[in-house]
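> The following file, work-v5.cif, comprises mmCIF, C-alpha atoms and all ligand atoms:
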```
data_model
loop_
_atom_site.label_atom_id
_atom_site.label_comp_id
_atom_site.auth_asym_id
_atom_site.auth_seq_id
_atom_site.Cartn_x
_atom_site.Cartn_y
_atom_site.Cartn_z
CA MET A 27 22.42 11.86 1.34
CA THR A 28 20.00 10.44 3.84
CA ASP A 29 22.64 8.01 5.09
CA ARG A 30 24.57 10.95 6.52
CA ILE A 31 21.62 12.04 8.66
CA ASP A 32 21.54 10.51 12.13
CA TRP A 33 17.82 9.90 12.40
CA PRO A 34 16.50 9.67 15.97
CA ALA A 35 16.20 6.05 17.04
CA ASP A 36 12.52 6.44 17.89
CA TRP A 37 11.52 7.03 14.26
CA ASN A 38 10.95 4.56 11.42
CA ILE A 39 12.32 6.11 8.22
CA GLU A 40 10.85 4.57 5.09
CA ARG A 41 13.26 4.68 2.17
CA LEU A 42 11.10 3.12 -0.53
CA HIS A 43 11.91 6.02 -2.86
CA ASP A 44 15.28 7.49 -3.73
CA ASP A 45 14.49 11.10 -2.83
CA HIS A 46 11.25 10.89 -0.86
CA LEU A 47 11.24 9.70 2.74
CA GLN A 48 8.42 9.00 5.16
CA GLY A 49 9.10 9.16 8.89
CA LEU A 50 6.85 7.69 11.55
CA ARG A 51 7.47 8.24 15.26
CA ILE A 52 7.77 5.05 17.30
CA THR A 53 6.22 5.30 20.75
CA THR A 54 6.42 1.57 21.46
CA GLU A 55 8.42 -1.09 19.61
CA PHE A 56 6.86 -4.57 19.76
CA TYR A 57 9.05 -6.55 17.40
CA ASP A 58 12.04 -6.02 15.14
CA SER A 59 13.76 -8.99 13.55
CA ALA A 60 14.48 -10.63 10.22
CA THR A 61 13.07 -13.83 8.74
CA GLU A 62 14.74 -15.56 5.78
CA HIS A 63 12.70 -13.25 3.54
CA GLN A 64 12.58 -9.80 5.09
CA ARG A 65 12.91 -7.64 8.18
CA ILE A 66 9.66 -7.45 10.14
CA ARG A 67 9.05 -4.53 12.45
CA VAL A 68 5.88 -3.87 14.48
CA PHE A 69 5.59 -0.62 16.42
CA GLU A 70 3.07 1.89 17.73
CA ASN A 71 2.59 5.42 16.36
CA PRO A 72 0.36 8.05 18.04
CA THR A 73 -1.59 8.77 14.83
CA PHE A 74 -1.73 5.43 13.02
CA GLY A 75 -1.77 3.00 15.89
CA ARG A 76 0.17 -0.20 15.45
CA ILE A 77 2.17 -0.41 12.22
CA MET A 78 3.99 -3.25 10.49
CA THR A 79 6.88 -2.53 8.14
CA LEU A 80 8.70 -5.04 5.96
CA ASP A 81 12.24 -4.04 5.10
CA GLY A 82 11.38 -0.61 6.50
CA VAL A 83 8.39 -0.07 4.19
CA VAL A 84 4.94 0.48 5.69
CA GLN A 85 2.69 -2.50 4.96
CA VAL A 86 -0.29 -2.00 7.22
CA THR A 87 -1.47 0.31 9.99
CA GLU A 88 -4.36 -0.12 12.39
CA ALA A 89 -5.71 3.32 11.52
CA ASP A 90 -5.87 3.36 7.70
CA ASN A 91 -5.79 -0.26 6.51
CA PHE A 92 -9.58 -0.28 6.08
CA ILE A 93 -9.26 1.86 2.93
CA TYR A 94 -6.85 -0.48 1.18
CA HIS A 95 -8.52 -3.72 2.24
CA GLU A 96 -12.09 -2.57 1.48
CA MET A 97 -11.17 -1.34 -2.00
CA LEU A 98 -9.16 -4.40 -3.06
CA THR A 99 -11.95 -6.78 -2.02
CA HIS A 100 -15.42 -5.25 -2.28
CA VAL A 101 -14.78 -3.64 -5.67
CA PRO A 102 -14.07 -6.91 -7.55
CA ILE A 103 -16.44 -9.04 -5.44
CA LEU A 104 -19.47 -6.73 -5.79
CA ALA A 105 -18.71 -5.99 -9.44
CA HIS A 106 -18.58 -9.72 -10.17
CA GLY A 107 -21.74 -10.55 -8.23
CA ASN A 108 -21.30 -14.29 -7.76
CA VAL A 109 -17.89 -14.86 -6.20
CA ARG A 110 -17.44 -18.27 -4.62
CA ARG A 111 -13.66 -18.85 -4.68
CA VAL A 112 -10.99 -16.22 -3.96
CA LEU A 113 -7.19 -16.42 -4.13
CA ILE A 114 -5.06 -13.95 -2.16
CA ILE A 115 -1.36 -13.74 -2.95
CA GLY A 116 0.52 -12.23 0.00
CA GLY A 117 -1.77 -10.62 2.53
CA GLY A 118 0.17 -11.86 5.54
CA ASP A 119 -1.42 -9.38 7.93
CA GLY A 120 -4.82 -10.98 7.36
CA GLY A 121 -6.67 -7.77 6.48
CA MET A 122 -7.50 -8.88 2.95
CA ALA A 123 -8.86 -12.22 4.16
CA ARG A 124 -10.87 -10.36 6.82
CA GLU A 125 -12.73 -8.30 4.26
CA VAL A 126 -13.20 -11.14 1.73
CA LEU A 127 -14.67 -13.39 4.40
CA LYS A 128 -17.32 -10.79 5.24
CA HIS A 129 -19.07 -11.98 2.06
CA ASP A 130 -21.30 -14.93 2.94
CA SER A 131 -21.37 -15.85 -0.74
CA VAL A 132 -17.64 -16.66 -0.59
CA GLU A 133 -17.23 -20.37 0.00
CA GLN A 134 -13.46 -20.74 -0.09
CA VAL A 135 -10.42 -18.44 0.23
CA THR A 136 -6.86 -19.58 -0.47
CA MET A 137 -4.15 -17.28 0.86
CA VAL A 138 -0.58 -17.84 -0.32
CA GLU A 139 1.95 -16.05 1.87
CA ILE A 140 5.70 -16.56 1.46
CA ASP A 141 6.70 -15.60 4.98
CA ASP A 142 5.25 -17.57 7.88
CA GLY A 143 6.87 -15.04 10.20
CA VAL A 144 4.55 -12.30 8.97
CA LEU A 145 1.52 -14.43 9.82
CA THR A 146 2.92 -15.31 13.24
CA PHE A 147 3.79 -11.77 14.26
CA CYS A 148 0.65 -10.19 12.84
CA ARG A 149 -1.45 -12.72 14.75
CA GLU A 150 0.40 -11.78 17.93
CA TYR A 151 0.98 -8.03 17.60
CA LEU A 152 -1.73 -6.93 15.12
CA PRO A 153 -4.69 -9.23 15.85
CA GLY A 154 -7.16 -6.50 14.99
CA ILE A 155 -6.08 -6.53 11.35
CA SER A 156 -7.04 -10.17 10.69
CA ASP A 157 -9.86 -9.96 13.28
CA GLY A 158 -10.39 -13.71 13.42
CA ALA A 159 -9.97 -14.36 9.67
CA PHE A 160 -7.18 -16.86 10.27
CA ASP A 161 -9.61 -19.05 12.19
CA ASP A 162 -12.36 -18.98 9.56
CA PRO A 163 -12.94 -22.55 8.26
CA ARG A 164 -13.29 -21.19 4.72
CA LEU A 165 -9.67 -20.00 4.72
CA ASP A 166 -6.85 -22.22 3.45
CA LEU A 167 -3.45 -20.79 4.37
CA VAL A 168 -0.53 -21.82 2.14
CA ILE A 169 3.06 -20.87 2.93
CA ALA A 170 4.72 -20.59 -0.47
CA ASP A 171 6.02 -18.21 -3.09
CA GLY A 172 2.94 -16.88 -4.84
CA ALA A 173 4.68 -17.02 -8.21
CA VAL A 174 5.40 -20.73 -7.83
CA PHE A 175 1.89 -21.43 -6.56
CA MET A 176 0.32 -19.59 -9.49
CA LYS A 177 2.41 -21.59 -11.95
CA GLU A 178 1.71 -24.98 -10.38
CA ASN A 179 -1.84 -24.63 -9.06
CA ALA A 180 -4.70 -25.99 -11.19
CA ASP A 181 -7.70 -24.50 -9.41
CA LEU A 182 -9.88 -21.70 -10.78
CA TYR A 183 -10.89 -18.58 -8.89
CA ASP A 184 -13.52 -15.90 -9.38
CA VAL A 185 -11.29 -13.20 -7.88
CA ILE A 186 -7.50 -13.16 -7.49
CA ILE A 187 -6.08 -10.44 -5.25
CA VAL A 188 -2.36 -9.72 -5.28
CA ASP A 189 -1.71 -8.12 -1.90
CA SER A 190 2.06 -8.11 -2.08
CA THR A 191 4.93 -5.93 -1.04
CA ASP A 192 6.43 -3.64 -3.67
CA PRO A 193 8.43 -5.04 -6.60
CA VAL A 194 11.61 -5.33 -4.54
CA GLY A 195 12.77 -8.43 -2.66
CA PRO A 196 10.31 -11.34 -2.48
CA GLY A 197 7.53 -9.31 -4.09
CA GLU A 198 9.41 -8.66 -7.32
CA VAL A 199 8.26 -11.89 -9.00
CA LEU A 200 4.64 -10.84 -8.51
CA PHE A 201 5.02 -7.97 -10.96
CA THR A 202 6.11 -9.99 -14.01
CA ASP A 203 4.33 -10.80 -17.27
CA THR A 204 4.91 -14.49 -16.52
CA PHE A 205 3.12 -14.24 -13.19
CA TYR A 206 0.21 -12.30 -14.69
CA GLY A 207 -0.08 -14.87 -17.48
CA HIS A 208 -0.27 -17.68 -14.96
CA ALA A 209 -2.84 -15.70 -12.96
CA ARG A 210 -5.08 -15.27 -15.98
CA ALA A 211 -5.04 -19.04 -16.51
CA ARG A 212 -6.33 -19.43 -12.94
CA LEU A 213 -9.36 -17.19 -13.43
CA ALA A 214 -12.78 -18.80 -13.84
CA GLU A 215 -15.21 -17.47 -16.49
CA GLY A 216 -15.74 -13.76 -15.79
CA GLY A 217 -13.01 -13.83 -13.14
CA ILE A 218 -11.14 -10.69 -12.06
CA LEU A 219 -7.47 -10.10 -11.19
CA VAL A 220 -6.73 -7.08 -8.96
CA THR A 221 -3.30 -6.00 -7.80
CA GLN A 222 -1.62 -3.66 -5.38
CA ASN A 223 0.13 -1.44 -7.92
CA GLY A 224 1.88 1.34 -6.02
CA VAL A 225 1.44 5.10 -5.92
CA PRO A 226 1.42 6.34 -9.54
CA PHE A 227 2.83 9.78 -8.66
CA LEU A 228 6.03 8.11 -7.40
CA GLN A 229 5.86 4.63 -8.97
CA GLY A 230 4.36 5.34 -12.39
CA GLU A 231 6.61 2.91 -14.23
CA GLU A 232 5.34 0.06 -12.02
CA LEU A 233 1.77 0.79 -13.10
CA THR A 234 2.72 1.16 -16.76
CA ASN A 235 4.51 -2.20 -16.74
CA THR A 236 1.55 -3.96 -15.14
CA MET A 237 -0.95 -2.31 -17.48
CA ARG A 238 1.12 -3.23 -20.53
CA ALA A 239 0.99 -6.87 -19.41
CA PHE A 240 -2.73 -6.64 -18.57
CA ARG A 241 -3.55 -5.11 -21.96
CA ALA A 242 -2.02 -8.19 -23.60
CA LEU A 243 -3.95 -10.58 -21.34
CA PHE A 244 -7.36 -9.01 -20.70
CA ALA A 245 -10.14 -7.39 -22.73
CA ASP A 246 -10.73 -5.04 -19.81
CA ALA A 247 -7.43 -3.77 -18.37
CA THR A 248 -7.27 -0.61 -16.31
CA CYS A 249 -6.75 0.52 -12.73
CA TYR A 250 -8.71 2.24 -10.01
CA LEU A 251 -7.59 4.54 -7.20
CA ALA A 252 -7.85 5.11 -3.47
CA THR A 253 -5.71 7.19 -1.15
CA ILE A 254 -4.20 5.47 1.87
CA PRO A 255 -2.41 8.05 4.05
CA THR A 256 0.59 5.86 4.97
CA TYR A 257 1.27 4.84 1.36
CA ALA A 258 3.07 8.11 0.79
CA GLY A 259 2.77 10.13 -2.42
CA GLY A 260 -0.92 10.34 -3.20
CA PRO A 261 -3.53 7.91 -4.50
CA MET A 262 -2.57 4.24 -4.83
CA ALA A 263 -3.43 2.34 -8.02
CA PHE A 264 -5.07 -1.05 -8.04
CA GLY A 265 -4.61 -3.03 -11.25
CA TRP A 266 -7.82 -4.45 -12.73
CA GLY A 267 -7.86 -7.20 -15.37
CA THR A 268 -10.74 -9.31 -16.60
CA ASN A 269 -12.20 -10.83 -19.75
CA GLY A 270 -15.69 -10.41 -18.36
CA GLY A 271 -17.98 -7.41 -18.13
CA ALA A 272 -17.89 -6.85 -14.36
CA ARG A 273 -16.68 -3.24 -14.60
CA GLN A 274 -19.90 -2.35 -16.44
CA THR A 275 -22.06 -3.37 -13.46
CA ASP A 276 -24.43 -0.44 -12.94
CA LEU A 277 -24.79 1.57 -9.75
CA ALA A 278 -28.21 0.20 -8.86
CA THR A 279 -26.90 -3.36 -9.07
CA LEU A 280 -23.82 -2.52 -7.02
CA ARG A 281 -26.07 -0.88 -4.43
CA ALA A 282 -28.39 -3.88 -4.29
CA ARG A 283 -25.44 -6.27 -3.88
CA PHE A 284 -23.82 -4.02 -1.26
CA ASP A 285 -27.03 -3.80 0.76
CA SER A 286 -27.65 -7.54 0.42
CA ALA A 287 -24.12 -8.34 1.62
CA GLY A 288 -24.79 -6.29 4.77
CA LEU A 289 -21.26 -4.84 4.79
CA ALA A 290 -20.26 -2.22 7.36
CA THR A 291 -17.61 -0.15 5.59
CA ASP A 292 -15.75 3.08 6.31
CA TYR A 293 -14.48 3.77 2.82
CA TYR A 294 -16.27 1.60 0.24
CA THR A 295 -19.66 2.63 -1.13
CA PRO A 296 -21.07 1.78 -4.55
CA GLU A 297 -20.58 5.43 -5.55
CA VAL A 298 -16.95 5.40 -4.39
CA HIS A 299 -16.53 2.13 -6.29
CA GLN A 300 -17.61 3.68 -9.56
CA GLY A 301 -15.74 6.93 -8.95
CA ALA A 302 -12.50 5.06 -8.24
CA PHE A 303 -12.25 4.12 -11.91
CA ALA A 304 -12.37 7.78 -13.02
CA LEU A 305 -8.67 8.37 -13.65
CA PRO A 306 -7.06 11.82 -13.64
CA PRO A 307 -4.97 12.46 -16.77
CA TYR A 308 -1.63 12.03 -14.98
CA VAL A 309 -2.65 8.45 -14.15
CA ALA A 310 -4.49 7.66 -17.40
CA ARG A 311 -1.33 8.62 -19.31
CA LEU A 312 0.52 5.81 -17.51
CA ILE A 313 -1.73 3.19 -19.11
CA PRO A 314 -0.40 2.19 -22.55
N1 LIG B 1 -0.68 -3.53 1.92
C1 LIG B 1 0.73 -3.81 1.63
C2 LIG B 1 1.17 -3.02 0.43
O1 LIG B 1 0.33 -2.41 -0.22
O2 LIG B 1 2.38 -3.00 0.18
C3 LIG B 1 0.93 -5.30 1.47
C4 LIG B 1 0.77 -5.97 2.78
S1 LIG B 1 1.02 -7.68 2.89
C5 LIG B 1 1.76 -7.73 4.46
C6 LIG B 1 2.35 -8.01 1.77
C7 LIG B 1 2.72 -9.48 1.90
O3 LIG B 1 3.27 -9.98 0.68
C8 LIG B 1 3.82 -9.76 2.96
O4 LIG B 1 3.27 -10.53 4.00
C9 LIG B 1 4.91 -10.51 2.20
O5 LIG B 1 5.55 -11.50 2.96
C10 LIG B 1 4.10 -11.07 1.04
N2 LIG B 1 4.88 -11.48 -0.13
C11 LIG B 1 5.90 -10.82 -0.71
N3 LIG B 1 6.37 -11.52 -1.76
C12 LIG B 1 5.61 -12.66 -1.85
C13 LIG B 1 5.60 -13.77 -2.73
N4 LIG B 1 6.48 -13.86 -3.74
N5 LIG B 1 4.67 -14.74 -2.53
C14 LIG B 1 3.78 -14.64 -1.51
N6 LIG B 1 3.75 -13.62 -0.63
C15 LIG B 1 4.66 -12.62 -0.81
#
```
The structure in this file should be written as structure tokens.

Amino acid sequence: MTDRIDWPADWNIERLHDDHLQGLRITTEFYDSATEHQRIRVFENPTFGRIMTLDGVVQVTEADNFIYHEMLTHVPILAHGNVRRVLIIGGGDGGMAREVLKHDSVEQVTMVEIDDGVLTFCREYLPGISDGAFDDPRLDLVIADGAVFMKENADLYDVIIVDSTDPVGPGEVLFTDTFYGHARARLAEGGILVTQNGVPFLQGEELTNTMRAFRALFADATCYLATIPTYAGGPMAFGWGTNGGARQTDLATLRARFDSAGLATDYYTPEVHQGAFALPPYVARLIP
């Protein structure tokens, strides 16, 4: 159906879903080319600023990335309370590393990104997203398939963040039971695995599949929510898996840790942190 519509050339039409499109006007195009893994496009939109899409799907925008990156980092790190080593799978735009590295307690971050092209073009066209993270001496950048790294790596991490594309193309292997099993083996005592797990209203099956795997691997398996305007379809789910008690961290402790970390945030607060785990029935029903 949509293939018969001649969309104006100055719009990016996201076709992640079969019958639900998202269009974003392009005022300036900075880059549009393919690597061996995916098509990378970087353009400017009047509302969202600079945007990167991979295979036509919005990955990050200057205007709303703070929500996604704050919630996938500060929630597990402040809940845990003593994070020293973090692993990021994906995260090529550098936003996840940016937020993790704001924590002085974090001594070492390993970021495993499959596509060197994403790093190169985000450094050049979206420098504000990484905001110097790529030059932080605590960051080790690895160009590899995250699934292979997770299987072969022997280190342990306090927090593992899967900041991948959706389960199509190179990201597909990052949504498998095998990958999650390998990730659990890489978690230190009390460690937490968090994942980008799509928009439940449109990608409910993706969340159910991840939660089914998490329920088999972790004593505490659930998800939490935040709404990022350019991830169309409503709140996004973040998978949460741990065999520790971090989710029970009380508000006063979260507040003390937040204040001590000296974080300047535009979305995360300890109250938002706790509220994010309150799931509406239509999402809770997706968790087996
Ligand atoms: N915020 C975005 C979202 O929610 O969809 C994710 C952004 S980040 C740019 C996604 C990154 O995952 C991309 O840089 C992509 O190259 C990377 N990626 C995809 N599959 C991967 C894999 N198997 N191993 C490592 N990185 C992968």
> What residues of the protein or nucleic acid chains come within 8 Å of ligand LIG 1 (chain B) when you use all atoms listed in the file? Reply as a PyMOL selection string.
chain A and resi 63-64+78+80+83-86+91+94-95+115-120+138-142+144-145+169-173+189-192+195-200+222-224+257
> For the selection you just gave me, I'd like the residues written to a file as a compact mmCIF listing (two decimals), in the coordinates of the input, keeping C-alpha atoms.

```txt
# COMPACT_ATOMS: atom_id res chain seq x y z
CA HIS A 63 12.70 -13.25 3.54
CA GLN A 64 12.58 -9.80 5.09
CA MET A 78 3.99 -3.25 10.49
CA LEU A 80 8.70 -5.04 5.96
CA VAL A 83 8.39 -0.07 4.19
CA VAL A 84 4.94 0.48 5.69
CA GLN A 85 2.69 -2.50 4.96
CA VAL A 86 -0.29 -2.00 7.22
CA ASN A 91 -5.79 -0.26 6.51
CA TYR A 94 -6.85 -0.48 1.18
CA HIS A 95 -8.52 -3.72 2.24
CA ILE A 115 -1.36 -13.74 -2.95
CA GLY A 116 0.52 -12.23 0.00
CA GLY A 117 -1.77 -10.62 2.53
CA GLY A 118 0.17 -11.86 5.54
CA ASP A 119 -1.42 -9.38 7.93
CA GLY A 120 -4.82 -10.98 7.36
CA VAL A 138 -0.58 -17.84 -0.32
CA GLU A 139 1.95 -16.05 1.87
CA ILE A 140 5.70 -16.56 1.46
CA ASP A 141 6.70 -15.60 4.98
CA ASP A 142 5.25 -17.57 7.88
CA VAL A 144 4.55 -12.30 8.97
CA LEU A 145 1.52 -14.43 9.82
CA ILE A 169 3.06 -20.87 2.93
CA ALA A 170 4.72 -20.59 -0.47
CA ASP A 171 6.02 -18.21 -3.09
CA GLY A 172 2.94 -16.88 -4.84
CA ALA A 173 4.68 -17.02 -8.21
CA ASP A 189 -1.71 -8.12 -1.90
CA SER A 190 2.06 -8.11 -2.08
CA THR A 191 4.93 -5.93 -1.04
CA ASP A 192 6.43 -3.64 -3.67
CA GLY A 195 12.77 -8.43 -2.66
CA PRO A 196 10.31 -11.34 -2.48
CA GLY A 197 7.53 -9.31 -4.09
CA GLU A 198 9.41 -8.66 -7.32
CA VAL A 199 8.26 -11.89 -9.00
CA LEU A 200 4.64 -10.84 -8.51
CA GLN A 222 -1.62 -3.66 -5.38
CA ASN A 223 0.13 -1.44 -7.92
CA GLY A 224 1.88 1.34 -6.02
CA TYR A 257 1.27 4.84 1.36
```
> Would you please work out which residue, of A:Ala123, A:His100, A:Val109, A:Asp44, is nearest to Thr295 of chain A when using all atoms listed in the file?
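Among A:Ala123, A:His100, A:Val109, A:Asp44, it is A:His100 that comes nearest to Thr295 of chain A.
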> Please check which residues have atoms at most 12 Å from (-19.8, -1.5, 5.3) in the file's coordinates, counting only C-alpha atoms, and write them as a list in words.
Phe92, Ile93, His95, Glu96, Met97, Thr99, His100, Glu125, Lys128, His129, Arg281, Arg283, Phe284, Asp285, Ser286, Ala287, Gly288, Leu289, Ala290, Thr291, Asp292, Tyr293, Tyr294, Thr295 and Pro296 of chain A
> Given the point (2.6, -11.4, 15.8) in the coordinates of this file, which residues lie within 12 Å, counting only C-alpha atoms, and how would they look as a PDB file with C-alpha atoms, in the frame of the given file?

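As a result, result.pdb now contains:
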```
ATOM      1  CA  PHE A  56       6.860  -4.570  19.760  1.00  0.00           C
ATOM      2  CA  TYR A  57       9.050  -6.550  17.400  1.00  0.00           C
ATOM      3  CA  ASP A  58      12.040  -6.020  15.140  1.00  0.00           C
ATOM      4  CA  SER A  59      13.760  -8.990  13.550  1.00  0.00           C
ATOM      5  CA  ILE A  66       9.660  -7.450  10.140  1.00  0.00           C
ATOM      6  CA  ARG A  67       9.050  -4.530  12.450  1.00  0.00           C
ATOM      7  CA  VAL A  68       5.880  -3.870  14.480  1.00  0.00           C
ATOM      8  CA  PHE A  69       5.590  -0.620  16.420  1.00  0.00           C
ATOM      9  CA  ARG A  76       0.170  -0.200  15.450  1.00  0.00           C
ATOM     10  CA  ILE A  77       2.170  -0.410  12.220  1.00  0.00           C
ATOM     11  CA  MET A  78       3.990  -3.250  10.490  1.00  0.00           C
ATOM     12  CA  GLY A 118       0.170 -11.860   5.540  1.00  0.00           C
ATOM     13  CA  ASP A 119      -1.420  -9.380   7.930  1.00  0.00           C
ATOM     14  CA  GLY A 120      -4.820 -10.980   7.360  1.00  0.00           C
ATOM     15  CA  ASP A 142       5.250 -17.570   7.880  1.00  0.00           C
ATOM     16  CA  GLY A 143       6.870 -15.040  10.200  1.00  0.00           C
ATOM     17  CA  VAL A 144       4.550 -12.300   8.970  1.00  0.00           C
ATOM     18  CA  LEU A 145       1.520 -14.430   9.820  1.00  0.00           C
ATOM     19  CA  THR A 146       2.920 -15.310  13.240  1.00  0.00           C
ATOM     20  CA  PHE A 147       3.790 -11.770  14.260  1.00  0.00           C
ATOM     21  CA  CYS A 148       0.650 -10.190  12.840  1.00  0.00           C
ATOM     22  CA  ARG A 149      -1.450 -12.720  14.750  1.00  0.00           C
ATOM     23  CA  GLU A 150       0.400 -11.780  17.930  1.00  0.00           C
ATOM     24  CA  TYR A 151       0.980  -8.030  17.600  1.00  0.00           C
ATOM     25  CA  LEU A 152      -1.730  -6.930  15.120  1.00  0.00           C
ATOM     26  CA  PRO A 153      -4.690  -9.230  15.850  1.00  0.00           C
ATOM     27  CA  GLY A 154      -7.160  -6.500  14.990  1.00  0.00           C
ATOM     28  CA  ILE A 155      -6.080  -6.530  11.350  1.00  0.00           C
ATOM     29  CA  SER A 156      -7.040 -10.170  10.690  1.00  0.00           C
TER      30      SER A 156
END
```
> Nearest residue to Gly216 of chain A out of A:Val126, A:Ala60, A:Ala105, A:Leu277, using all atoms listed in the file?
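The shortest atom-to-atom distance to Gly216 of chain A comes from A:Ala105.
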> For the atom pair atom CA of Arg210 of chain A and atom CA of Phe244 of chain A, what is the interatomic distance in Å to one decimal place?
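According to the coordinates, atom CA of Arg210 of chain A and atom CA of Phe244 of chain A are separated by 8.2 Å.
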> Using only C-alpha atoms, which residue out of A:Arg111, A:Phe160, A:His208, A:Leu47 lies closest to Gly259 of chain A?
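For Gly259 of chain A, the nearest of the given residues is A:Leu47.
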> Report, in Å with one decimal, the straight-line distance from atom CA of Thr53 of chain A to atom CA of Ile39 of chain A.
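Separating atom CA of Thr53 of chain A from atom CA of Ile39 of chain A is a distance of 14.0 Å.
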> Of the candidates A:Leu50, A:Ala310, A:Ala263, A:Leu98, which shows the shortest atom-to-atom distance to Gly75 of chain A, using all atoms listed in the file?
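Checking each of A:Leu50, A:Ala310, A:Ala263, A:Leu98 against Gly75 of chain A, counting all atoms listed in the file, the winner is A:Leu50.
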> Could you state the separation of atom CA of Ala159 of chain A and atom CA of Arg110 of chain A in Å, given to one decimal place?
16.6 Å
> When you count all atoms listed in the file, which of these residues is closest to Gly260 of chain A: A:Asn235, A:Asn179, A:Gln229, A:Thr61?
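Among the listed residues, A:Gln229 lies closest to Gly260 of chain A.
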> Which is closest to Gly107 of chain A among A:Thr87, A:Thr79, A:Asn269, A:Ser131, if we use all atoms listed in the file?
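Looking only at the distances to Gly107 of chain A, the closest residue turns out to be A:Ser131.
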> Write out all heavy atoms for segment 232-237 of chain A, as a PDB file, in the frame of the given file.

```pdb
ATOM      1  N   GLU A 232       5.896   1.341 -12.524  1.00  0.00           N
ATOM      2  CA  GLU A 232       5.340   0.060 -12.020  1.00  0.00           C
ATOM      3  C   GLU A 232       3.937  -0.149 -12.592  1.00  0.00           C
ATOM      4  O   GLU A 232       3.590  -1.240 -13.071  1.00  0.00           O
ATOM      5  CB  GLU A 232       5.324   0.118 -10.501  1.00  0.00           C
ATOM      6  CG  GLU A 232       4.738  -1.072  -9.797  1.00  0.00           C
ATOM      7  CD  GLU A 232       4.661  -0.877  -8.287  1.00  0.00           C
ATOM      8  OE1 GLU A 232       5.640  -0.388  -7.684  1.00  0.00           O
ATOM      9  OE2 GLU A 232       3.597  -1.188  -7.725  1.00  0.00           O
ATOM     10  N   LEU A 233       3.144   0.897 -12.572  1.00  0.00           N
ATOM     11  CA  LEU A 233       1.770   0.790 -13.100  1.00  0.00           C
ATOM     12  C   LEU A 233       1.795   0.572 -14.615  1.00  0.00           C
ATOM     13  O   LEU A 233       1.091  -0.291 -15.140  1.00  0.00           O
ATOM     14  CB  LEU A 233       0.982   2.054 -12.768  1.00  0.00           C
ATOM     15  CG  LEU A 233      -0.470   2.080 -13.286  1.00  0.00           C
ATOM     16  CD1 LEU A 233      -1.303   0.938 -12.696  1.00  0.00           C
ATOM     17  CD2 LEU A 233      -1.122   3.430 -12.985  1.00  0.00           C
ATOM     18  N   THR A 234       2.646   1.324 -15.297  1.00  0.00           N
ATOM     19  CA  THR A 234       2.720   1.160 -16.760  1.00  0.00           C
ATOM     20  C   THR A 234       3.105  -0.269 -17.133  1.00  0.00           C
ATOM     21  O   THR A 234       2.498  -0.868 -18.023  1.00  0.00           O
ATOM     22  CB  THR A 234       3.752   2.158 -17.340  1.00  0.00           C
ATOM     23  OG1 THR A 234       3.325   3.490 -17.059  1.00  0.00           O
ATOM     24  CG2 THR A 234       3.884   1.973 -18.848  1.00  0.00           C
ATOM     25  N   ASN A 235       4.077  -0.816 -16.440  1.00  0.00           N
ATOM     26  CA  ASN A 235       4.510  -2.200 -16.740  1.00  0.00           C
ATOM     27  C   ASN A 235       3.374  -3.195 -16.515  1.00  0.00           C
ATOM     28  O   ASN A 235       3.128  -4.080 -17.331  1.00  0.00           O
ATOM     29  CB  ASN A 235       5.722  -2.566 -15.889  1.00  0.00           C
ATOM     30  CG  ASN A 235       6.960  -1.785 -16.286  1.00  0.00           C
ATOM     31  OD1 ASN A 235       7.049  -1.281 -17.406  1.00  0.00           O
ATOM     32  ND2 ASN A 235       7.896  -1.633 -15.367  1.00  0.00           N
ATOM     33  N   THR A 236       2.670  -3.042 -15.411  1.00  0.00           N
ATOM     34  CA  THR A 236       1.550  -3.960 -15.140  1.00  0.00           C
ATOM     35  C   THR A 236       0.453  -3.790 -16.184  1.00  0.00           C
ATOM     36  O   THR A 236      -0.063  -4.773 -16.730  1.00  0.00           O
ATOM     37  CB  THR A 236       0.986  -3.722 -13.729  1.00  0.00           C
ATOM     38  OG1 THR A 236       1.996  -4.016 -12.763  1.00  0.00           O
ATOM     39  CG2 THR A 236      -0.242  -4.592 -13.477  1.00  0.00           C
ATOM     40  N   MET A 237       0.141  -2.547 -16.523  1.00  0.00           N
ATOM     41  CA  MET A 237      -0.950  -2.310 -17.480  1.00  0.00           C
ATOM     42  C   MET A 237      -0.574  -2.807 -18.873  1.00  0.00           C
ATOM     43  O   MET A 237      -1.421  -3.310 -19.600  1.00  0.00           O
ATOM     44  CB  MET A 237      -1.304  -0.820 -17.502  1.00  0.00           C
ATOM     45  CG  MET A 237      -2.028  -0.357 -16.254  1.00  0.00           C
ATOM     46  SD  MET A 237      -3.687  -1.112 -16.076  1.00  0.00           S
ATOM     47  CE  MET A 237      -3.353  -2.360 -14.841  1.00  0.00           C
TER      48      MET A 237
END
```
